[in-house]
Amino acid sequence: MSNATPGTGPLAAHPLTRAVLEIDEYAAGLGWDQPARLFALVDTARLRTEEPGLAAQLGLDEDGEEIASLTPIEQDEMPSGAPLDEFLATIAWPDAVTGCALTVERQMLPPSAEGAVPEGLDDAALAKWVADHPDRQEVRMTVAVLRDGARESALRLREKDSATEVVTGAGLVPGLADALAATFATTD
């Protein structure tokens, strides 16, 4: 596990927004064409109290300035062969995990292209059709949910790969947020 560089992330009003932007910044530092990455979100104060060794390893010492109250901790590499929804359905988080986040790259089309999608395509054929479309855009989505139902997302387009161009909002990727929220359903 590694931390998404605490204390260096962008400032934002809500702790969940700060965590999402911190993860987005971390992923941006790794470059594009990366695999999906899963993060546990833990309460920073609780982490310092219950796991002081880990907190120190992550640079979350008591004397440090408190920028975020949620600390993202990257989980082991996700399996490359399994569909994302199937993989997420296998996850159950321990009580110490306050929330979770996922960053994933996808190709998307503008709404104007939806009417042109050929009917009857299976998933592979649809993916190829989107990849070949001249208006496609590559996007990195970072989506986070908390146990209490709070949600936040950040979207970064490859063609506008700048922290000032990142769009945030709770409802930007509702299907992925629903899948992440379901990872808490078995532990509540």
# chains A, B, ... in the order shown; residues from 1 in each chain; ligands from 1

call {"tool": "residues_around", "arguments": {"residues": "region 139-148 of chain A", "least_positions_apart": "2", "cutoff": "7 Å", "atoms": "only C-alpha atoms", "output": "ChimeraX atom specification"}}
result
/A:20,24,98-107,137,150-158,177,180-181,184

call {"tool": "residues_around", "arguments": {"residues": "region 77-89 of chain A", "least_positions_apart": "4", "cutoff": "7 Å", "atoms": "only C-alpha atoms", "output": "JSON, numbers by chain"}}
result
{"A": [36, 37, 179, 180, 183]}

call {"tool": "atom_distance", "arguments": {"atom1": "CA of Lys160 (chain A)", "atom2": "CA of Trp129 (chain A)"}}
result
23.0 Å

call {"tool": "closest_residue", "arguments": {"among": "A:Arg136, A:Ala163, A:Asp95, A:Ala131", "to": "Ser112 (chain A)", "atoms": "only C-alpha atoms"}}
result
A:Arg136

call {"tool": "select_by_dssp", "arguments": {"residues": "region 19-143 of chain A", "states": "strand (DSSP E)", "output": "ChimeraX atom specification"}}
result
/A:37-43,70-74,97-108,137-143

call {"tool": "write_last_selection", "arguments": {"atoms": "N, CA and C atoms", "output": "compact mmCIF listing (two decimals), in the first residue's frame"}}
result
# COMPACT_ATOMS: atom_id res chain seq x y z
N ARG A 37 -6.92 2.11 -10.11
CA ARG A 37 -6.33 2.07 -8.77
C ARG A 37 -7.42 2.26 -7.74
N LEU A 38 -7.37 1.43 -6.71
CA LEU A 38 -8.37 1.46 -5.64
C LEU A 38 -7.72 1.99 -4.36
N PHE A 39 -8.45 2.83 -3.64
CA PHE A 39 -7.95 3.43 -2.42
C PHE A 39 -8.95 3.25 -1.28
N ALA A 40 -8.45 2.95 -0.11
CA ALA A 40 -9.25 3.03 1.11
C ALA A 40 -9.13 4.46 1.61
N LEU A 41 -10.21 5.00 2.13
CA LEU A 41 -10.17 6.33 2.74
C LEU A 41 -10.35 6.13 4.24
N VAL A 42 -9.37 6.59 4.99
CA VAL A 42 -9.42 6.43 6.44
C VAL A 42 -9.37 7.79 7.11
N ASP A 43 -9.98 7.86 8.29
CA ASP A 43 -9.95 9.08 9.08
C ASP A 43 -8.51 9.30 9.56
N LEU A 70 -9.19 13.03 5.71
CA LEU A 70 -9.25 11.69 5.13
C LEU A 70 -7.92 11.39 4.47
N THR A 71 -7.38 10.23 4.74
CA THR A 71 -6.12 9.82 4.13
C THR A 71 -6.40 8.69 3.15
N PRO A 72 -6.08 8.89 1.86
CA PRO A 72 -6.22 7.81 0.88
C PRO A 72 -5.04 6.86 0.98
N ILE A 73 -5.33 5.57 1.02
CA ILE A 73 -4.29 4.54 1.05
C ILE A 73 -4.53 3.59 -0.12
N GLU A 74 -3.57 3.58 -1.04
CA GLU A 74 -3.73 2.74 -2.23
C GLU A 74 -3.68 1.28 -1.83
N VAL A 97 -12.25 1.57 7.72
CA VAL A 97 -12.27 2.29 6.45
C VAL A 97 -13.53 3.14 6.39
N THR A 98 -13.33 4.45 6.26
CA THR A 98 -14.43 5.42 6.24
C THR A 98 -15.08 5.51 4.87
N GLY A 99 -14.28 5.29 3.84
CA GLY A 99 -14.76 5.39 2.46
C GLY A 99 -13.79 4.72 1.53
N CYS A 100 -14.08 4.81 0.24
CA CYS A 100 -13.16 4.25 -0.75
C CYS A 100 -13.22 5.10 -2.00
N ALA A 101 -12.20 4.95 -2.82
CA ALA A 101 -12.12 5.72 -4.06
C ALA A 101 -11.47 4.85 -5.13
N LEU A 102 -11.78 5.19 -6.36
CA LEU A 102 -11.24 4.46 -7.50
C LEU A 102 -10.87 5.49 -8.55
N THR A 103 -9.74 5.30 -9.16
CA THR A 103 -9.38 6.10 -10.32
C THR A 103 -9.22 5.17 -11.51
N VAL A 104 -9.84 5.53 -12.61
CA VAL A 104 -9.86 4.67 -13.79
C VAL A 104 -9.90 5.55 -15.04
N GLU A 105 -9.25 5.08 -16.08
CA GLU A 105 -9.25 5.79 -17.35
C GLU A 105 -10.24 5.14 -18.30
N ARG A 106 -10.96 5.98 -19.03
CA ARG A 106 -11.94 5.48 -20.00
C ARG A 106 -11.98 6.41 -21.20
N GLN A 107 -12.60 5.93 -22.26
CA GLN A 107 -12.86 6.78 -23.42
C GLN A 107 -14.33 7.14 -23.39
N MET A 108 -14.63 8.38 -23.74
CA MET A 108 -16.02 8.81 -23.74
C MET A 108 -16.30 9.61 -24.99
N GLN A 137 -12.86 11.14 -26.42
CA GLN A 137 -11.90 11.79 -25.54
C GLN A 137 -11.52 10.81 -24.44
N GLU A 138 -10.25 10.84 -24.07
CA GLU A 138 -9.81 10.02 -22.96
C GLU A 138 -9.98 10.82 -21.68
N VAL A 139 -10.50 10.13 -20.67
CA VAL A 139 -10.78 10.80 -19.40
C VAL A 139 -10.30 9.91 -18.26
N ARG A 140 -9.79 10.57 -17.22
CA ARG A 140 -9.48 9.86 -15.98
C ARG A 140 -10.56 10.26 -14.99
N MET A 141 -11.23 9.26 -14.44
CA MET A 141 -12.29 9.50 -13.46
C MET A 141 -11.78 9.05 -12.10
N THR A 142 -11.94 9.91 -11.12
CA THR A 142 -11.65 9.54 -9.74
C THR A 142 -12.96 9.70 -9.00
N VAL A 143 -13.44 8.62 -8.44
CA VAL A 143 -14.74 8.61 -7.78
C VAL A 143 -14.55 8.09 -6.36

call {"tool": "atom_distance", "arguments": {"atom1": "CA of Ala113 (chain A)", "atom2": "CA of Asp135 (chain A)"}}
result
8.0 Å

call {"tool": "atom_distance", "arguments": {"atom1": "CA of Ser69 (chain A)", "atom2": "CA of Pro15 (chain A)"}}
result
5.9 Å

call {"tool": "select_by_dssp", "arguments": {"residues": "region 32-151 of chain A", "states": "alpha helix (DSSP H)", "output": "number ranges by chain"}}
result
A: 44-50, 52-57, 84-88, 123-132

call {"tool": "decode", "arguments": {"residues": "region 41-54 of chain A", "atoms": "N, CA, C and O atoms", "output": "compact mmCIF listing (two decimals), in the first residue's frame"}}
result
# COMPACT_ATOMS: atom_id res chain seq x y z
N LEU A 41 -10.21 5.00 2.13
CA LEU A 41 -10.17 6.33 2.74
C LEU A 41 -10.35 6.13 4.24
O LEU A 41 -11.34 5.56 4.67
N VAL A 42 -9.37 6.59 4.99
CA VAL A 42 -9.42 6.43 6.44
C VAL A 42 -9.37 7.79 7.11
O VAL A 42 -8.79 8.74 6.58
N ASP A 43 -9.98 7.86 8.29
CA ASP A 43 -9.95 9.08 9.08
C ASP A 43 -8.51 9.30 9.56
O ASP A 43 -7.93 8.43 10.22
N THR A 44 -7.95 10.44 9.22
CA THR A 44 -6.54 10.71 9.53
C THR A 44 -6.27 10.69 11.03
O THR A 44 -5.29 10.08 11.48
N ALA A 45 -7.12 11.32 11.83
CA ALA A 45 -6.92 11.34 13.28
C ALA A 45 -6.98 9.93 13.86
O ALA A 45 -6.17 9.56 14.71
N ARG A 46 -7.93 9.12 13.38
CA ARG A 46 -8.06 7.74 13.85
C ARG A 46 -6.83 6.92 13.45
O ARG A 46 -6.32 6.12 14.23
N LEU A 47 -6.33 7.15 12.24
CA LEU A 47 -5.14 6.45 11.78
C LEU A 47 -3.95 6.79 12.67
O LEU A 47 -3.19 5.90 13.07
N ARG A 48 -3.80 8.05 13.02
CA ARG A 48 -2.69 8.46 13.89
C ARG A 48 -2.79 7.79 15.26
O ARG A 48 -1.78 7.38 15.83
N THR A 49 -4.01 7.67 15.77
CA THR A 49 -4.21 7.09 17.10
C THR A 49 -4.04 5.58 17.09
O THR A 49 -3.35 5.01 17.93
N GLU A 50 -4.68 4.90 16.13
CA GLU A 50 -4.73 3.44 16.13
C GLU A 50 -3.56 2.78 15.41
O GLU A 50 -3.24 1.63 15.69
N GLU A 51 -2.95 3.47 14.48
CA GLU A 51 -1.83 2.91 13.70
C GLU A 51 -0.71 3.94 13.60
O GLU A 51 -0.38 4.41 12.50
N PRO A 52 -0.09 4.32 14.71
CA PRO A 52 0.92 5.38 14.66
C PRO A 52 2.11 5.04 13.77
O PRO A 52 2.67 5.93 13.12
N GLY A 53 2.49 3.78 13.69
CA GLY A 53 3.59 3.38 12.83
C GLY A 53 3.27 3.62 11.36
O GLY A 53 4.08 4.17 10.61
N LEU A 54 2.07 3.21 10.95
CA LEU A 54 1.65 3.43 9.57
C LEU A 54 1.51 4.92 9.29
O LEU A 54 1.92 5.41 8.24
